[in-house]
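Below is one structure, written out as structure tokens; comments come after it.
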Amino acid sequence: MAPLDGPANPERVAYARMAVPELLQQLLTAAGPSGHETEPARVWRAGCAGFASQVSADHVGSSLARVPARSPGGGPTLAVVGHIDEIGLHVTHIHEDGYLHFGQVGGWDPIVLVGQRVSISTREGTILGVIGRKPIHLLKEADRSKAPELKDLHIDIGARNSDEARELVRIGDVAVIAAAPVELRNGRVISRALDNRIGSYVAAEAARLVAAAGGAPGDVVALAVVQEETGFAGSRTSTFALEPDLAIAVDLTFATDQPGIELGPMTKHTLGSGPVIARGTTLHPRIFELLHETAEQEMIPFTVESLGRATGTDADAIYMTRTGVPTGLISVPSRYMHSPVEMVCLDDVDAAARLIAAFAQRLEPGMSFDR
């Protein structure tokens, strides 16, 4: 659209245009903190219904979309797993003046919460509020330079008193930051919940690409699992039930192209450099090599990260399921993780899906993942 202060400028028009894929846009605008993923899960299943032969959900809340093999008795079954929950807040106490005290669902840096608008899911629907703290003018000198703690913050929903607040909100109601996705220059997108609606989107998109190609040698099963931020529940139960021959977890990792990041302990992963293929003690070396070879042959840009212990992703639960599942990890570089302005590059998101779809085509019958 044209700017309001003068004639249309092509560069400014391009800057305002939203290029986020429709399914991802819908996922990012659906509220779903850990344990309360019903709405984004519904969106995800609807997005998969057009290409998958089976779309279903389980009692934990995780969702599945299957693309069958090109022919029966083909290659190994691949699970592509992204978690669909996000970090959020939960109401713990209602003050006599109507303010809401809260705890965190997942890990927050409290400093990023100050002044945020929030959307609270209640029995009667969604209500809005703001996160407040004492104005800086009223803080003691010693407290001005300190980061706030959660106990110093509250949610204000405009209630006159506790009676009015209790008519609207119950203890245990959950909230997310009220922030719509925004596209910046160079295909960069900011939003809450990129961690990890990106992973669940990439899983769905990789499966869609496989379906569009007429299938792969084996079944490809996209999974949007729940409660990763609070203990990997969805990936544990879904992998146990599915019994895949191998799996790839999809998540975000830390982009290193922002001030204050020290390279050396971390590998360089910049926005726009493609997906990150992980190596590590819990990850299967054969899957890493296949992903690496696939990216090279398909001319998909990528970087590599090395992890000496647990990955901090669903891969940590998947690889230990039943008698063990050969597992790989693909990540998308992201700035400002666990904040309302998480940032990714859409080119990296697209490349991650294309890499996984191409990888699936290389999983021929009889492949061994013995170590």
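Scheme for the structure tokens: letters A, B, ... for chains in order shown; per-chain residue numbers from 1; ligand numbers from 1 in order shown.
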Point to revise | Close residues, range 224-241 of chain A itself excluded, 6 Å, only C-alpha atoms, min 2 positions apart in chain, as a list in words | key: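 Result of the neighbour search: Ser34, Gly35, Ser62, Ser63, Gly82, His83, Ile84, Asp85, Gly106, Ser200, Glu243, Asp314, Ala317 and Thr321 of chain A.
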How about saving the chosen residues, N, CA and C atoms kept, as a PDB file, in the first residue's frame?
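Contents of the output file out-v4.pdb:
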```pdb
ATOM      1  N   SER A  34       2.564 -23.905  26.047  1.00  0.00           N
ATOM      2  CA  SER A  34       2.672 -25.326  26.387  1.00  0.00           C
ATOM      3  C   SER A  34       1.486 -25.781  27.221  1.00  0.00           C
ATOM      4  N   GLY A  35       0.895 -26.887  26.795  1.00  0.00           N
ATOM      5  CA  GLY A  35      -0.259 -27.432  27.483  1.00  0.00           C
ATOM      6  C   GLY A  35      -1.580 -26.866  27.015  1.00  0.00           C
ATOM      7  N   SER A  62      -0.750 -33.584  20.383  1.00  0.00           N
ATOM      8  CA  SER A  62       0.133 -33.582  19.216  1.00  0.00           C
ATOM      9  C   SER A  62      -0.639 -33.990  17.970  1.00  0.00           C
ATOM     10  N   SER A  63      -0.155 -33.523  16.807  1.00  0.00           N
ATOM     11  CA  SER A  63      -0.820 -33.781  15.532  1.00  0.00           C
ATOM     12  C   SER A  63       0.125 -34.478  14.569  1.00  0.00           C
ATOM     13  N   GLY A  82       8.411 -31.082  14.636  1.00  0.00           N
ATOM     14  CA  GLY A  82       8.552 -29.719  15.138  1.00  0.00           C
ATOM     15  C   GLY A  82       7.568 -29.498  16.266  1.00  0.00           C
ATOM     16  N   HIS A  83       7.971 -28.806  17.314  1.00  0.00           N
ATOM     17  CA  HIS A  83       7.013 -28.571  18.405  1.00  0.00           C
ATOM     18  C   HIS A  83       6.188 -27.330  18.121  1.00  0.00           C
ATOM     19  N   ILE A  84       4.928 -27.369  18.518  1.00  0.00           N
ATOM     20  CA  ILE A  84       3.976 -26.329  18.156  1.00  0.00           C
ATOM     21  C   ILE A  84       3.620 -25.430  19.332  1.00  0.00           C
ATOM     22  N   ASP A  85       4.151 -25.720  20.511  1.00  0.00           N
ATOM     23  CA  ASP A  85       3.880 -24.865  21.668  1.00  0.00           C
ATOM     24  C   ASP A  85       4.811 -23.654  21.667  1.00  0.00           C
ATOM     25  N   GLY A 106       7.408 -21.958  30.389  1.00  0.00           N
ATOM     26  CA  GLY A 106       8.651 -21.921  29.636  1.00  0.00           C
ATOM     27  C   GLY A 106       9.545 -20.824  30.181  1.00  0.00           C
ATOM     28  N   SER A 200       7.215 -26.610  13.341  1.00  0.00           N
ATOM     29  CA  SER A 200       6.020 -27.334  12.918  1.00  0.00           C
ATOM     30  C   SER A 200       5.648 -26.962  11.485  1.00  0.00           C
ATOM     31  N   GLU A 243       6.645 -45.229  16.096  1.00  0.00           N
ATOM     32  CA  GLU A 243       7.768 -46.146  15.848  1.00  0.00           C
ATOM     33  C   GLU A 243       8.419 -45.894  14.480  1.00  0.00           C
ATOM     34  N   ASP A 314      13.586 -31.379  20.860  1.00  0.00           N
ATOM     35  CA  ASP A 314      12.848 -32.646  20.883  1.00  0.00           C
ATOM     36  C   ASP A 314      13.724 -33.830  20.517  1.00  0.00           C
ATOM     37  N   ALA A 317      14.527 -36.282  23.324  1.00  0.00           N
ATOM     38  CA  ALA A 317      13.539 -37.282  23.717  1.00  0.00           C
ATOM     39  C   ALA A 317      13.372 -38.341  22.644  1.00  0.00           C
ATOM     40  N   THR A 321      13.655 -43.035  22.523  1.00  0.00           N
ATOM     41  CA  THR A 321      12.355 -43.691  22.571  1.00  0.00           C
ATOM     42  C   THR A 321      12.474 -45.170  22.222  1.00  0.00           C
TER      43      THR A 321
END
```
Check your understanding: Can you tell me, as a ChimeraX atom specification, what residues are no more than 9 Å from Ala315 in chain A when counting only C-alpha atoms, ignoring any on the same chain fewer than 6 positions away?
Key -> /A:81,235,247-250,282-283,327-329
Output N, CA and C atoms for every residue in that selection, as a PDB file, in the first residue's frame.
```pdb
ATOM      1  N   VAL A  81       9.767 -33.761  12.956  1.00  0.00           N
ATOM      2  CA  VAL A  81       9.125 -33.355  14.204  1.00  0.00           C
ATOM      3  C   VAL A  81       9.451 -31.900  14.543  1.00  0.00           C
ATOM      4  N   SER A 235       6.857 -35.065  21.925  1.00  0.00           N
ATOM      5  CA  SER A 235       7.793 -35.845  21.115  1.00  0.00           C
ATOM      6  C   SER A 235       7.989 -37.249  21.688  1.00  0.00           C
ATOM      7  N   ALA A 247      14.221 -40.178  12.408  1.00  0.00           N
ATOM      8  CA  ALA A 247      13.505 -38.930  12.667  1.00  0.00           C
ATOM      9  C   ALA A 247      14.443 -37.745  12.494  1.00  0.00           C
ATOM     10  N   ILE A 248      13.846 -36.619  12.128  1.00  0.00           N
ATOM     11  CA  ILE A 248      14.546 -35.341  12.117  1.00  0.00           C
ATOM     12  C   ILE A 248      13.734 -34.363  12.953  1.00  0.00           C
ATOM     13  N   ALA A 249      14.344 -33.813  13.983  1.00  0.00           N
ATOM     14  CA  ALA A 249      13.727 -32.742  14.761  1.00  0.00           C
ATOM     15  C   ALA A 249      14.050 -31.415  14.093  1.00  0.00           C
ATOM     16  N   VAL A 250      13.083 -30.494  14.118  1.00  0.00           N
ATOM     17  CA  VAL A 250      13.269 -29.175  13.513  1.00  0.00           C
ATOM     18  C   VAL A 250      12.993 -28.118  14.575  1.00  0.00           C
ATOM     19  N   THR A 282      24.286 -37.221  20.765  1.00  0.00           N
ATOM     20  CA  THR A 282      22.960 -37.840  20.775  1.00  0.00           C
ATOM     21  C   THR A 282      22.382 -37.978  19.373  1.00  0.00           C
ATOM     22  N   LEU A 283      23.061 -37.432  18.368  1.00  0.00           N
ATOM     23  CA  LEU A 283      22.543 -37.422  17.005  1.00  0.00           C
ATOM     24  C   LEU A 283      23.254 -38.474  16.157  1.00  0.00           C
ATOM     25  N   THR A 327      18.317 -40.281  14.919  1.00  0.00           N
ATOM     26  CA  THR A 327      17.743 -38.938  14.917  1.00  0.00           C
ATOM     27  C   THR A 327      18.740 -37.913  14.407  1.00  0.00           C
ATOM     28  N   GLY A 328      18.233 -36.981  13.598  1.00  0.00           N
ATOM     29  CA  GLY A 328      19.000 -35.827  13.163  1.00  0.00           C
ATOM     30  C   GLY A 328      18.321 -34.553  13.638  1.00  0.00           C
ATOM     31  N   LEU A 329      19.016 -33.442  13.491  1.00  0.00           N
ATOM     32  CA  LEU A 329      18.487 -32.149  13.933  1.00  0.00           C
ATOM     33  C   LEU A 329      18.797 -31.086  12.894  1.00  0.00           C
TER      34      LEU A 329
END
```
Using DSSP on the backbone coordinates, identify all residues within range 171-289 of chain A classified as strand (DSSP E or B); present the result as a PDB file with N, CA and C atoms, in the first residue's frame.
```pdb
ATOM      1  N   VAL A 174      -4.066 -18.786  30.909  1.00  0.00           N
ATOM      2  CA  VAL A 174      -2.757 -18.549  30.301  1.00  0.00           C
ATOM      3  C   VAL A 174      -2.818 -17.358  29.356  1.00  0.00           C
ATOM      4  N   ALA A 175      -1.658 -16.784  29.104  1.00  0.00           N
ATOM      5  CA  ALA A 175      -1.564 -15.596  28.257  1.00  0.00           C
ATOM      6  C   ALA A 175      -0.345 -15.693  27.356  1.00  0.00           C
ATOM      7  N   VAL A 176      -0.412 -15.009  26.226  1.00  0.00           N
ATOM      8  CA  VAL A 176       0.732 -14.846  25.338  1.00  0.00           C
ATOM      9  C   VAL A 176       0.870 -13.356  25.020  1.00  0.00           C
ATOM     10  N   ILE A 177       2.029 -12.986  24.523  1.00  0.00           N
ATOM     11  CA  ILE A 177       2.233 -11.604  24.106  1.00  0.00           C
ATOM     12  C   ILE A 177       1.331 -11.304  22.905  1.00  0.00           C
ATOM     13  N   VAL A 182       5.448  -9.421  11.716  1.00  0.00           N
ATOM     14  CA  VAL A 182       5.797  -8.270  10.874  1.00  0.00           C
ATOM     15  C   VAL A 182       6.985  -8.663  10.011  1.00  0.00           C
ATOM     16  N   GLU A 183       6.905  -8.332   8.713  1.00  0.00           N
ATOM     17  CA  GLU A 183       8.037  -8.579   7.831  1.00  0.00           C
ATOM     18  C   GLU A 183       8.915  -7.346   7.763  1.00  0.00           C
ATOM     19  N   ARG A 188      13.141 -10.842   6.301  1.00  0.00           N
ATOM     20  CA  ARG A 188      13.256 -11.134   7.733  1.00  0.00           C
ATOM     21  C   ARG A 188      11.929 -10.852   8.429  1.00  0.00           C
ATOM     22  N   VAL A 189      11.527 -11.771   9.257  1.00  0.00           N
ATOM     23  CA  VAL A 189      10.230 -11.717   9.909  1.00  0.00           C
ATOM     24  C   VAL A 189      10.424 -11.725  11.410  1.00  0.00           C
ATOM     25  N   ILE A 190       9.653 -10.892  12.116  1.00  0.00           N
ATOM     26  CA  ILE A 190       9.668 -10.914  13.573  1.00  0.00           C
ATOM     27  C   ILE A 190       8.288 -11.311  14.077  1.00  0.00           C
ATOM     28  N   SER A 191       8.287 -12.041  15.177  1.00  0.00           N
ATOM     29  CA  SER A 191       7.025 -12.475  15.786  1.00  0.00           C
ATOM     30  C   SER A 191       7.324 -13.160  17.106  1.00  0.00           C
ATOM     31  N   VAL A 220       6.546 -40.477   4.819  1.00  0.00           N
ATOM     32  CA  VAL A 220       7.044 -39.278   5.492  1.00  0.00           C
ATOM     33  C   VAL A 220       5.917 -38.782   6.385  1.00  0.00           C
ATOM     34  N   VAL A 221       6.193 -38.678   7.681  1.00  0.00           N
ATOM     35  CA  VAL A 221       5.174 -38.310   8.654  1.00  0.00           C
ATOM     36  C   VAL A 221       5.595 -37.016   9.337  1.00  0.00           C
ATOM     37  N   ALA A 222       4.852 -35.948   9.084  1.00  0.00           N
ATOM     38  CA  ALA A 222       5.093 -34.675   9.760  1.00  0.00           C
ATOM     39  C   ALA A 222       4.373 -34.696  11.100  1.00  0.00           C
ATOM     40  N   LEU A 223       5.043 -34.177  12.124  1.00  0.00           N
ATOM     41  CA  LEU A 223       4.480 -34.146  13.474  1.00  0.00           C
ATOM     42  C   LEU A 223       4.586 -32.739  14.040  1.00  0.00           C
ATOM     43  N   ALA A 224       3.494 -32.261  14.612  1.00  0.00           N
ATOM     44  CA  ALA A 224       3.484 -31.005  15.363  1.00  0.00           C
ATOM     45  C   ALA A 224       3.223 -31.377  16.811  1.00  0.00           C
ATOM     46  N   VAL A 225       4.279 -31.455  17.599  1.00  0.00           N
ATOM     47  CA  VAL A 225       4.179 -32.014  18.942  1.00  0.00           C
ATOM     48  C   VAL A 225       4.072 -30.906  19.988  1.00  0.00           C
ATOM     49  N   LEU A 246      13.458 -43.588  11.437  1.00  0.00           N
ATOM     50  CA  LEU A 246      14.389 -42.502  11.727  1.00  0.00           C
ATOM     51  C   LEU A 246      13.584 -41.214  11.858  1.00  0.00           C
ATOM     52  N   ALA A 247      14.221 -40.178  12.408  1.00  0.00           N
ATOM     53  CA  ALA A 247      13.505 -38.930  12.667  1.00  0.00           C
ATOM     54  C   ALA A 247      14.443 -37.745  12.494  1.00  0.00           C
ATOM     55  N   ILE A 248      13.846 -36.619  12.128  1.00  0.00           N
ATOM     56  CA  ILE A 248      14.546 -35.341  12.117  1.00  0.00           C
ATOM     57  C   ILE A 248      13.734 -34.363  12.953  1.00  0.00           C
ATOM     58  N   ALA A 249      14.344 -33.813  13.983  1.00  0.00           N
ATOM     59  CA  ALA A 249      13.727 -32.742  14.761  1.00  0.00           C
ATOM     60  C   ALA A 249      14.050 -31.415  14.093  1.00  0.00           C
ATOM     61  N   VAL A 250      13.083 -30.494  14.118  1.00  0.00           N
ATOM     62  CA  VAL A 250      13.269 -29.175  13.513  1.00  0.00           C
ATOM     63  C   VAL A 250      12.993 -28.118  14.575  1.00  0.00           C
ATOM     64  N   ASP A 251      13.938 -27.216  14.768  1.00  0.00           N
ATOM     65  CA  ASP A 251      13.793 -26.185  15.801  1.00  0.00           C
ATOM     66  C   ASP A 251      14.550 -24.945  15.355  1.00  0.00           C
ATOM     67  N   LEU A 252      14.632 -23.972  16.254  1.00  0.00           N
ATOM     68  CA  LEU A 252      15.462 -22.791  16.030  1.00  0.00           C
ATOM     69  C   LEU A 252      16.784 -22.957  16.757  1.00  0.00           C
ATOM     70  N   THR A 253      17.792 -22.239  16.282  1.00  0.00           N
ATOM     71  CA  THR A 253      19.054 -22.123  16.996  1.00  0.00           C
ATOM     72  C   THR A 253      19.454 -20.659  16.996  1.00  0.00           C
ATOM     73  N   PHE A 254      20.515 -20.327  17.704  1.00  0.00           N
ATOM     74  CA  PHE A 254      20.887 -18.932  17.895  1.00  0.00           C
ATOM     75  C   PHE A 254      21.652 -18.393  16.690  1.00  0.00           C
ATOM     76  N   LEU A 263      31.942 -15.811  18.959  1.00  0.00           N
ATOM     77  CA  LEU A 263      32.219 -17.006  18.174  1.00  0.00           C
ATOM     78  C   LEU A 263      33.378 -17.764  18.797  1.00  0.00           C
ATOM     79  N   MET A 266      30.542 -20.874  20.059  1.00  0.00           N
ATOM     80  CA  MET A 266      29.434 -21.082  19.133  1.00  0.00           C
ATOM     81  C   MET A 266      29.954 -21.018  17.703  1.00  0.00           C
ATOM     82  N   VAL A 276      20.725 -25.053   9.707  1.00  0.00           N
ATOM     83  CA  VAL A 276      21.885 -25.522  10.452  1.00  0.00           C
ATOM     84  C   VAL A 276      21.726 -27.023  10.670  1.00  0.00           C
ATOM     85  N   ILE A 277      22.715 -27.805  10.229  1.00  0.00           N
ATOM     86  CA  ILE A 277      22.713 -29.253  10.431  1.00  0.00           C
ATOM     87  C   ILE A 277      23.580 -29.543  11.645  1.00  0.00           C
ATOM     88  N   ALA A 278      23.007 -30.225  12.619  1.00  0.00           N
ATOM     89  CA  ALA A 278      23.712 -30.450  13.882  1.00  0.00           C
ATOM     90  C   ALA A 278      24.445 -31.792  13.889  1.00  0.00           C
ATOM     91  N   ARG A 279      25.606 -31.773  14.524  1.00  0.00           N
ATOM     92  CA  ARG A 279      26.341 -32.992  14.870  1.00  0.00           C
ATOM     93  C   ARG A 279      26.417 -33.051  16.386  1.00  0.00           C
ATOM     94  N   GLY A 280      26.419 -34.255  16.941  1.00  0.00           N
ATOM     95  CA  GLY A 280      26.510 -34.342  18.391  1.00  0.00           C
ATOM     96  C   GLY A 280      26.422 -35.761  18.890  1.00  0.00           C
TER      97      GLY A 280
END
```
Pick out the residues sitting within 12 Å of Ser334 in chain A, and hand them over as a PDB file with N, CA, C and O atoms, in the first residue's frame; count only C-alpha atoms, and ignore anything fewer than 5 positions along from it in its own chain.
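Result file result-v2.pdb:
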```pdb
ATOM      1  N   ARG A 188      13.141 -10.842   6.301  1.00  0.00           N
ATOM      2  CA  ARG A 188      13.256 -11.134   7.733  1.00  0.00           C
ATOM      3  C   ARG A 188      11.929 -10.852   8.429  1.00  0.00           C
ATOM      4  O   ARG A 188      11.305  -9.831   8.187  1.00  0.00           O
ATOM      5  N   VAL A 189      11.527 -11.771   9.257  1.00  0.00           N
ATOM      6  CA  VAL A 189      10.230 -11.717   9.909  1.00  0.00           C
ATOM      7  C   VAL A 189      10.424 -11.725  11.410  1.00  0.00           C
ATOM      8  O   VAL A 189      11.268 -12.471  11.939  1.00  0.00           O
ATOM      9  N   ILE A 190       9.653 -10.892  12.116  1.00  0.00           N
ATOM     10  CA  ILE A 190       9.668 -10.914  13.573  1.00  0.00           C
ATOM     11  C   ILE A 190       8.288 -11.311  14.077  1.00  0.00           C
ATOM     12  O   ILE A 190       7.265 -10.962  13.500  1.00  0.00           O
ATOM     13  N   SER A 191       8.287 -12.041  15.177  1.00  0.00           N
ATOM     14  CA  SER A 191       7.025 -12.475  15.786  1.00  0.00           C
ATOM     15  C   SER A 191       7.324 -13.160  17.106  1.00  0.00           C
ATOM     16  O   SER A 191       8.429 -13.645  17.333  1.00  0.00           O
ATOM     17  N   ARG A 192       6.327 -13.220  17.971  1.00  0.00           N
ATOM     18  CA  ARG A 192       6.384 -14.166  19.063  1.00  0.00           C
ATOM     19  C   ARG A 192       6.114 -15.546  18.467  1.00  0.00           C
ATOM     20  O   ARG A 192       5.578 -15.687  17.367  1.00  0.00           O
ATOM     21  N   ALA A 193       6.505 -16.589  19.177  1.00  0.00           N
ATOM     22  CA  ALA A 193       6.160 -17.978  18.842  1.00  0.00           C
ATOM     23  C   ALA A 193       6.869 -18.520  17.603  1.00  0.00           C
ATOM     24  O   ALA A 193       6.552 -19.626  17.171  1.00  0.00           O
ATOM     25  N   LEU A 194       7.827 -17.776  17.021  1.00  0.00           N
ATOM     26  CA  LEU A 194       8.633 -18.413  15.977  1.00  0.00           C
ATOM     27  C   LEU A 194       9.283 -19.673  16.524  1.00  0.00           C
ATOM     28  O   LEU A 194       9.467 -20.656  15.800  1.00  0.00           O
ATOM     29  N   ASP A 195       9.639 -19.647  17.796  1.00  0.00           N
ATOM     30  CA  ASP A 195      10.068 -20.837  18.533  1.00  0.00           C
ATOM     31  C   ASP A 195       8.821 -21.477  19.147  1.00  0.00           C
ATOM     32  O   ASP A 195       8.367 -21.037  20.197  1.00  0.00           O
ATOM     33  N   ASN A 196       8.211 -22.495  18.534  1.00  0.00           N
ATOM     34  CA  ASN A 196       8.759 -23.157  17.384  1.00  0.00           C
ATOM     35  C   ASN A 196       7.663 -23.447  16.363  1.00  0.00           C
ATOM     36  O   ASN A 196       7.575 -24.537  15.829  1.00  0.00           O
ATOM     37  N   ILE A 198       7.909 -22.261  13.648  1.00  0.00           N
ATOM     38  CA  ILE A 198       8.760 -22.496  12.486  1.00  0.00           C
ATOM     39  C   ILE A 198       8.997 -23.985  12.301  1.00  0.00           C
ATOM     40  O   ILE A 198       8.894 -24.526  11.189  1.00  0.00           O
ATOM     41  N   GLY A 199       9.327 -24.698  13.373  1.00  0.00           N
ATOM     42  CA  GLY A 199       9.592 -26.129  13.267  1.00  0.00           C
ATOM     43  C   GLY A 199       8.389 -26.908  12.786  1.00  0.00           C
ATOM     44  O   GLY A 199       8.500 -27.795  11.926  1.00  0.00           O
ATOM     45  N   ASP A 251      13.938 -27.216  14.768  1.00  0.00           N
ATOM     46  CA  ASP A 251      13.793 -26.185  15.801  1.00  0.00           C
ATOM     47  C   ASP A 251      14.550 -24.945  15.355  1.00  0.00           C
ATOM     48  O   ASP A 251      15.050 -24.875  14.236  1.00  0.00           O
ATOM     49  N   LEU A 252      14.632 -23.972  16.254  1.00  0.00           N
ATOM     50  CA  LEU A 252      15.462 -22.791  16.030  1.00  0.00           C
ATOM     51  C   LEU A 252      16.784 -22.957  16.757  1.00  0.00           C
ATOM     52  O   LEU A 252      16.895 -23.698  17.726  1.00  0.00           O
ATOM     53  N   THR A 253      17.792 -22.239  16.282  1.00  0.00           N
ATOM     54  CA  THR A 253      19.054 -22.123  16.996  1.00  0.00           C
ATOM     55  C   THR A 253      19.454 -20.659  16.996  1.00  0.00           C
ATOM     56  O   THR A 253      18.820 -19.826  16.358  1.00  0.00           O
ATOM     57  N   PHE A 254      20.515 -20.327  17.704  1.00  0.00           N
ATOM     58  CA  PHE A 254      20.887 -18.932  17.895  1.00  0.00           C
ATOM     59  C   PHE A 254      21.652 -18.393  16.690  1.00  0.00           C
ATOM     60  O   PHE A 254      22.711 -18.916  16.334  1.00  0.00           O
ATOM     61  N   ALA A 255      21.119 -17.368  16.067  1.00  0.00           N
ATOM     62  CA  ALA A 255      21.878 -16.648  15.046  1.00  0.00           C
ATOM     63  C   ALA A 255      23.001 -15.891  15.738  1.00  0.00           C
ATOM     64  O   ALA A 255      22.827 -15.364  16.843  1.00  0.00           O
ATOM     65  N   THR A 256      24.139 -15.832  15.073  1.00  0.00           N
ATOM     66  CA  THR A 256      25.314 -15.222  15.711  1.00  0.00           C
ATOM     67  C   THR A 256      25.633 -13.837  15.164  1.00  0.00           C
ATOM     68  O   THR A 256      26.651 -13.253  15.549  1.00  0.00           O
ATOM     69  N   ASP A 257      24.767 -13.316  14.288  1.00  0.00           N
ATOM     70  CA  ASP A 257      25.070 -12.016  13.686  1.00  0.00           C
ATOM     71  C   ASP A 257      24.329 -10.892  14.391  1.00  0.00           C
ATOM     72  O   ASP A 257      23.623 -10.098  13.769  1.00  0.00           O
ATOM     73  N   GLN A 258      24.493 -10.821  15.691  1.00  0.00           N
ATOM     74  CA  GLN A 258      23.986  -9.700  16.461  1.00  0.00           C
ATOM     75  C   GLN A 258      25.041  -9.306  17.485  1.00  0.00           C
ATOM     76  O   GLN A 258      25.896 -10.125  17.856  1.00  0.00           O
ATOM     77  N   HIS A 269      26.373 -18.819  12.530  1.00  0.00           N
ATOM     78  CA  HIS A 269      25.124 -19.065  11.810  1.00  0.00           C
ATOM     79  C   HIS A 269      24.439 -17.715  11.637  1.00  0.00           C
ATOM     80  O   HIS A 269      23.860 -17.190  12.587  1.00  0.00           O
ATOM     81  N   THR A 270      24.502 -17.149  10.461  1.00  0.00           N
ATOM     82  CA  THR A 270      23.899 -15.841  10.229  1.00  0.00           C
ATOM     83  C   THR A 270      22.528 -15.999   9.575  1.00  0.00           C
ATOM     84  O   THR A 270      22.245 -17.012   8.939  1.00  0.00           O
ATOM     85  N   LEU A 271      21.686 -14.990   9.732  1.00  0.00           N
ATOM     86  CA  LEU A 271      20.423 -14.998   9.014  1.00  0.00           C
ATOM     87  C   LEU A 271      20.712 -15.001   7.518  1.00  0.00           C
ATOM     88  O   LEU A 271      21.524 -14.220   7.029  1.00  0.00           O
ATOM     89  N   GLY A 272      20.042 -15.914   6.789  1.00  0.00           N
ATOM     90  CA  GLY A 272      20.252 -16.016   5.360  1.00  0.00           C
ATOM     91  C   GLY A 272      21.308 -17.018   4.956  1.00  0.00           C
ATOM     92  O   GLY A 272      21.547 -17.219   3.763  1.00  0.00           O
ATOM     93  N   SER A 273      21.950 -17.679   5.933  1.00  0.00           N
ATOM     94  CA  SER A 273      22.992 -18.657   5.614  1.00  0.00           C
ATOM     95  C   SER A 273      22.443 -20.070   5.465  1.00  0.00           C
ATOM     96  O   SER A 273      23.194 -21.018   5.266  1.00  0.00           O
ATOM     97  N   GLY A 274      21.116 -20.222   5.562  1.00  0.00           N
ATOM     98  CA  GLY A 274      20.514 -21.531   5.377  1.00  0.00           C
ATOM     99  C   GLY A 274      20.296 -22.262   6.680  1.00  0.00           C
ATOM    100  O   GLY A 274      20.632 -21.761   7.766  1.00  0.00           O
ATOM    101  N   PRO A 275      19.711 -23.463   6.604  1.00  0.00           N
ATOM    102  CA  PRO A 275      19.488 -24.242   7.814  1.00  0.00           C
ATOM    103  C   PRO A 275      20.799 -24.703   8.434  1.00  0.00           C
ATOM    104  O   PRO A 275      21.843 -24.740   7.773  1.00  0.00           O
ATOM    105  N   VAL A 276      20.725 -25.053   9.707  1.00  0.00           N
ATOM    106  CA  VAL A 276      21.885 -25.522  10.452  1.00  0.00           C
ATOM    107  C   VAL A 276      21.726 -27.023  10.670  1.00  0.00           C
ATOM    108  O   VAL A 276      20.719 -27.488  11.221  1.00  0.00           O
ATOM    109  N   SER A 339      11.548 -14.162  23.016  1.00  0.00           N
ATOM    110  CA  SER A 339      11.121 -12.778  23.191  1.00  0.00           C
ATOM    111  C   SER A 339       9.940 -12.531  22.261  1.00  0.00           C
ATOM    112  O   SER A 339       9.628 -13.367  21.406  1.00  0.00           O
ATOM    113  N   VAL A 341       9.945 -10.555  19.846  1.00  0.00           N
ATOM    114  CA  VAL A 341      10.454 -10.139  18.536  1.00  0.00           C
ATOM    115  C   VAL A 341      11.491 -11.141  18.025  1.00  0.00           C
ATOM    116  O   VAL A 341      12.522 -10.758  17.467  1.00  0.00           O
ATOM    117  N   GLU A 342      11.222 -12.422  18.176  1.00  0.00           N
ATOM    118  CA  GLU A 342      12.081 -13.416  17.563  1.00  0.00           C
ATOM    119  C   GLU A 342      12.145 -13.148  16.064  1.00  0.00           C
ATOM    120  O   GLU A 342      11.156 -12.745  15.452  1.00  0.00           O
ATOM    121  N   MET A 343      13.315 -13.360  15.475  1.00  0.00           N
ATOM    122  CA  MET A 343      13.510 -13.015  14.066  1.00  0.00           C
ATOM    123  C   MET A 343      14.130 -14.182  13.321  1.00  0.00           C
ATOM    124  O   MET A 343      15.075 -14.812  13.788  1.00  0.00           O
ATOM    125  N   VAL A 344      13.597 -14.466  12.125  1.00  0.00           N
ATOM    126  CA  VAL A 344      14.188 -15.435  11.211  1.00  0.00           C
ATOM    127  C   VAL A 344      14.186 -14.853   9.807  1.00  0.00           C
ATOM    128  O   VAL A 344      13.523 -13.845   9.536  1.00  0.00           O
ATOM    129  N   CYS A 345      14.910 -15.501   8.917  1.00  0.00           N
ATOM    130  CA  CYS A 345      14.902 -15.171   7.499  1.00  0.00           C
ATOM    131  C   CYS A 345      14.072 -16.230   6.772  1.00  0.00           C
ATOM    132  O   CYS A 345      14.330 -17.428   6.919  1.00  0.00           O
ATOM    133  N   LEU A 346      13.086 -15.798   5.996  1.00  0.00           N
ATOM    134  CA  LEU A 346      12.206 -16.744   5.316  1.00  0.00           C
ATOM    135  C   LEU A 346      12.963 -17.641   4.345  1.00  0.00           C
ATOM    136  O   LEU A 346      12.555 -18.781   4.108  1.00  0.00           O
ATOM    137  N   ASP A 348      15.792 -19.045   4.901  1.00  0.00           N
ATOM    138  CA  ASP A 348      16.289 -20.166   5.702  1.00  0.00           C
ATOM    139  C   ASP A 348      15.176 -21.169   5.998  1.00  0.00           C
ATOM    140  O   ASP A 348      15.404 -22.379   6.013  1.00  0.00           O
ATOM    141  N   VAL A 349      13.972 -20.658   6.245  1.00  0.00           N
ATOM    142  CA  VAL A 349      12.832 -21.526   6.518  1.00  0.00           C
ATOM    143  C   VAL A 349      12.527 -22.384   5.300  1.00  0.00           C
ATOM    144  O   VAL A 349      12.350 -23.605   5.384  1.00  0.00           O
TER     145      VAL A 349
END
```
Check your understanding: Which polymer residues have any atom within 7 Å of an atom of range 90-101 of chain A, counting only C-alpha atoms, with same-chain residues fewer than 4 positions away left out, as a PyMOL selection string?
Key -> chain A and resi 105+154-156+159-162+165+171-175
Check your understanding: DSSP on the backbone: what in range 188-364 of chain A comes out helix (DSSP H, G or I), as a PyMOL selection string?
Key -> chain A and resi 194-212+233-242+285-297+315-318+346-360
